[in-house]
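Since the structure comes first, as structure tokens, the remarks are kept for the end.
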Amino acid sequence: MEKENEALILKIIKEIFGEYFISYEAISPNKIFVEIKRENFKFNIKRLIEKLDIWHISTITGTDFEDSIELMYHLWCDKYKTLISIKLKLPKDNPVIESISDIMPGAVLYEREVYDMLGVQFLGHPMLEHLLLPEDWPRGVYPLRKEVPLEKVRKIMLEGSEKNA
Amino acid sequence: MPEIEIPVGPQHPALKEPIRFVFRIDGEIVVGAEPRLGYAHRGIEKLGEHRSYVQVLYLSERICGICSVAHTTCYVETAERLFNIEIPPRAKFIRVIVSELNRIHSHLLWLGILAHEIGFDTLFMYTWRDRELVLDLLEMITGNRVLYAINMIGGVRHDITNEMVDKIRKVMDYLEERTKYYKRVVQEDPLMLARLSEVGILSRSDAQKLCAVGPTIRGSGVKTDIRKEDPYAAYDEIPFNIITYTEGDALAKTLVRVDEIQESINIIRYALDHMPSGNINIRVPLRPSPGEAIGRVEAPRGELFYYIRSDGSERPYRFKVRTPTLANIPALCKMLEGVYVADIPVVVASIDPCIACMDRVLLIDTNKGTWNILTGEELRRYSKKWYEKHKIR
Amino acid sequence: MSLLLEFLKIAIYPGVLFIIVFSLFLEWLDRKIYAHSQHRIGPLYIGPHGILQPFADILKLISKEDITPPHVDKSFFMLAPPVLLYLAILGMFMIPLGALGEPYALLSFEGDYLVVLTITTLITAFVFAGSWASFNRFSALGSIRALLLMVGYEVPLFLCAAAVALDAKTLCLSRIALIQSTSPWFIVMQPIGFIISLIALQAELERIPFDIPEAETEIVAGWLTEFSGKKLAMIRLAHDIELFLLASLIVTLYLGGPWGPMGPSALWFILKVIFVIFLSSILRALFARYRIEQAITFFWKYIIPLSLLQVFIALLIPLV
Amino acid sequence: MSVIKELIKCLISRPVTIKYPYERKEPYPRFRGKISINYDACIGCGLCARVCPALAITLITPPRKKSIRDRRPLVQIYKCVFCGQCALVCPRKAITFSKEYELSSFSKDGMLVAPPFFKNKKHKLRQS
């Protein structure tokens, strides 16, 4: 049953993303990775969500590579019982993407978390603030980036507590 | 009566772990609720990138004290997909049994805490007395009451011997009788009904829109369970049914969890009867081939999501965890609107929050323990600054 | 000589020392019964079977630092705890304890019945004054709830008291007890009154299902939030004595005070009080906590009509 | 009101709670309490120190000897998380877990499982 499901979804995805579609990889029966370009991302995602009537987003994973930040939207399609992970790369210097919290309110906290950890700006997000970091966290230091070593993060924590205490 | 603000937390008797809410209340009715997270934050994802695969297993186990086996099962499933190895069938069944025992102990613990929130301490004592039997079973099988260290990449560490099987069956019969009794108590006790029904209602559309997970969404009538949709370990070979209630209030969520205890008992019995023999783990190389893998597990509180990316080295390149409580927080804020002040703990407890789970991402030095961000004096300074910034006066 | 005897009576036996020691014993008894009904042991290590545990708690509180927060209205904040203690002990003087075989209480006059009832109201009033003066959000919420609850349980308590007074045709507690030594106890004639006053006891002492003003899981410690050290010790002691006061009030009104078929009257009085405490802690173990508006509707919809019915019955069948 | 039958049953029967310091519950055979190392069997390979997730095991050399083979593991109990990975990995099965679960002590030395030749003053611990 999975085989034609997969083919069906692949057809739909290719049809929706058209020339923004880069690559496709099915790593296990019901998990699919789809890489797309960054341009008019909001419009494509909106159409995909409506077409496959996806209502659940598991989470948004941000990964830091040398030259770019890769975002992964893990969408669970209940109709075909598969997990579609939409991958897209953002330039490292100013990572900006449209927020999808108006289509899927459930993604609000995940976007804030990626903003907290990797510094990705989400346009149109209702309350883009620190989710997990303390208020007086120094601007511009994004802990999950590779160039921020563990010791530096621990030092900020120690300084932070002295400054406040 | 003008709207006044009650800051609840980060330390508060109703919340066992540090999470902070600012409730805007009008008289006795809650108008709005903003959570502030990050107090039990231990930087497990950043640390995960500096530990070897075996050490990250013990890191992931300590994300949540109550559902620790869900975390190790999810991590180990993801890592096995990375190493692309297939574990022996007996190990799969042992994983299912330990996870279901953990689900029973987590739901019994939760039922006690909910009863304590509404002042029913007697039921709290009874549920926690029966939970001790499950913890003894787990100590017998895995060697520890909570942090089991039963899972390892490539299988399971301890085997379940025959006299353990008989002991498990005896405890399951006793627990089945107790679960029936608790279900009757929850459904018949006039005071529990008065405090639980029509409280913190989450409609089906809101639940789906806000992507709630686990019993919180099953209480609103949405039929979704990772063990059925995305089966892991031996769940595809074990028949069980998903429990849903449609009312969506605190009572529905309680009944979902009580029925799930009964369901877990049936799963354990079925797994004990059909357990294949054979060895329980296989050797695993030190370094996985480069690639990425996703693991999803049905933790007692909902869908647990792991993502590991490896670049072929000994350490994971990226280690992402999304726990069920974080997914339920937007739904919780929606449920808290229009609720009495007296019902805040009940509604917060109805999503069975595990704050330690949720705050697991960043950076506080693990062996120095958490760093308390807001002392009393800072709390006042912070809230004053916070109000001006939000211009809520 | 009689003056010294009188002083000893006030200070030691039926007086202050006995009241304090016996109310601490009652608190221990309450905690033990509550624990055993939850299948656990309860206080155990201090003294045989943990009997000195309440005493140790009070001692510990006295040794703790007594913080008076700066923003607090000093007058009522300092005043409330000692007055609560004083009121509770004063109330106890008017109850016929049957000490040394005397039928009358230390302080008994026509109308002491009304004084005891007003004392119960005054206690809640000072609870409100003390917590309102402590300028803390949680204690403000707690004190409002305490007053709201008082509206609920005061009316039925007074109505049942009136029913007993009508039957006994006297307003002196000692004489009410005396009447019951000959004629059958009032519980036989007015069972509804007994049940209602038991529920009112639960509500007055803020015990589950009515411990809303001090609901520890919602508003931290309710009206007790700002008190600490000696002040909290006094309030805890006053609370225990109040438990003893209301239990002995019910014993005097419905279970015939210190009079029993034979044997010393003091022993009978103690046994009856223990029976009432047993009932109250079982009630405490059986229920969850009401919300404040559910408690009020419970009182006004069910309890008050019942107490009116009780008064009506009391008028219909004139006793003795 | 619905718990009244259970309540009466509890009032009559003996409480389930045990009087801890006087009555003790015997842990199960697989229980992982305080670590115990059989230093005769230990060959100083250092695998346990490398694999410990909490970095609780450090290797120390005896005062006069310099060769690698004489290093023995020293365990700081206050860092150990009782995961059992060292016992799993030890080639000589020298590491086992005792049934002792009361681990508090008045000094930091009390919290160390040390080889016989260990004198606290001279050896510098790796303060990671």
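Just remember, in the structure tokens the first chain shown is A, the second B, etc., residues are 1-based per chain, and ligands are 1-based in the order shown.
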Checklist entry - Which residues, written as JSON, numbers by chain, have at least one atom at most 8 Å from C:Arg289, with only C-alpha atoms counted and residues fewer than 6 positions away on the same chain left out? => result {"B": [118, 119, 120, 191], "C": [208, 209, 210, 211, 212]}
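For A:Pro91, the residues within 9 Å (counting only C-alpha atoms, excluding itself and residues fewer than 2 positions away along the chain) are Asp67, Ser68, Ile69, Glu70, Lys89, Asp93, Asn94, Pro95 and Val96 of chain A.
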Those residues you just picked out, can you put them in a file as a PDB file, in the first residue's frame with N, CA, C and O atoms?
```pdb
ATOM      1  N   ASP A  67      28.125  27.252   5.394  1.00  0.00           N
ATOM      2  CA  ASP A  67      27.746  28.463   4.657  1.00  0.00           C
ATOM      3  C   ASP A  67      26.251  28.752   4.786  1.00  0.00           C
ATOM      4  O   ASP A  67      25.791  29.839   4.487  1.00  0.00           O
ATOM      5  N   SER A  68      25.450  27.817   5.277  1.00  0.00           N
ATOM      6  CA  SER A  68      24.000  28.098   5.243  1.00  0.00           C
ATOM      7  C   SER A  68      23.333  27.454   6.454  1.00  0.00           C
ATOM      8  O   SER A  68      23.924  26.620   7.135  1.00  0.00           O
ATOM      9  N   ILE A  69      22.105  27.905   6.715  1.00  0.00           N
ATOM     10  CA  ILE A  69      21.291  27.284   7.781  1.00  0.00           C
ATOM     11  C   ILE A  69      20.163  26.540   7.093  1.00  0.00           C
ATOM     12  O   ILE A  69      19.479  27.096   6.240  1.00  0.00           O
ATOM     13  N   GLU A  70      20.008  25.271   7.443  1.00  0.00           N
ATOM     14  CA  GLU A  70      18.985  24.453   6.777  1.00  0.00           C
ATOM     15  C   GLU A  70      17.790  24.308   7.717  1.00  0.00           C
ATOM     16  O   GLU A  70      17.944  23.929   8.886  1.00  0.00           O
ATOM     17  N   LYS A  89      17.366  25.710   2.338  1.00  0.00           N
ATOM     18  CA  LYS A  89      18.599  26.301   2.873  1.00  0.00           C
ATOM     19  C   LYS A  89      18.457  27.822   2.874  1.00  0.00           C
ATOM     20  O   LYS A  89      17.894  28.412   1.941  1.00  0.00           O
ATOM     21  N   ASP A  93      24.342  34.726   6.400  1.00  0.00           N
ATOM     22  CA  ASP A  93      24.494  36.094   6.911  1.00  0.00           C
ATOM     23  C   ASP A  93      23.138  36.671   7.328  1.00  0.00           C
ATOM     24  O   ASP A  93      22.996  37.166   8.445  1.00  0.00           O
ATOM     25  N   ASN A  94      22.075  36.566   6.433  1.00  0.00           N
ATOM     26  CA  ASN A  94      20.809  37.060   7.041  1.00  0.00           C
ATOM     27  C   ASN A  94      19.707  36.044   6.753  1.00  0.00           C
ATOM     28  O   ASN A  94      18.994  36.071   5.785  1.00  0.00           O
ATOM     29  N   PRO A  95      19.570  35.063   7.607  1.00  0.00           N
ATOM     30  CA  PRO A  95      18.551  34.008   7.403  1.00  0.00           C
ATOM     31  C   PRO A  95      17.162  34.572   7.680  1.00  0.00           C
ATOM     32  O   PRO A  95      16.849  34.895   8.828  1.00  0.00           O
ATOM     33  N   VAL A  96      16.362  34.733   6.631  1.00  0.00           N
ATOM     34  CA  VAL A  96      15.010  35.291   6.820  1.00  0.00           C
ATOM     35  C   VAL A  96      14.025  34.395   6.066  1.00  0.00           C
ATOM     36  O   VAL A  96      14.342  33.878   4.995  1.00  0.00           O
TER      37      VAL A  96
END
```
Next on the checklist: Report as a PyMOL selection string all protein, DNA and RNA residues lying within 9 Å of C:Gln38, evaluated on only C-alpha atoms, omitting residues in the same chain fewer than 6 positions from it.
Outcome noted: (chain B and resi 121-126) or (chain C and resi 285) or (chain D and resi 7+10-11+15)
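Backbone DSSP over stretch 6-86 of chain B yields helix (DSSP H, G or I) at Ile44, Glu45, Lys46, Leu47, Gly48, Tyr53, Val54, Gln55, Val56, Leu57, Tyr58, Leu59, Ser60, Glu61, Ser68, Val69, Ala70, His71, Thr72, Thr73, Cys74, Tyr75, Val76, Glu77, Thr78, Ala79, Glu80, Arg81 and Leu82 of chain B.
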Item to check | Filtered DSSP result for stretch 131-329 of chain B, state strand (DSSP E), as a PyMOL selection string | outcome: chain B and resi 151-152+155-156+291-299+302-310+316-322
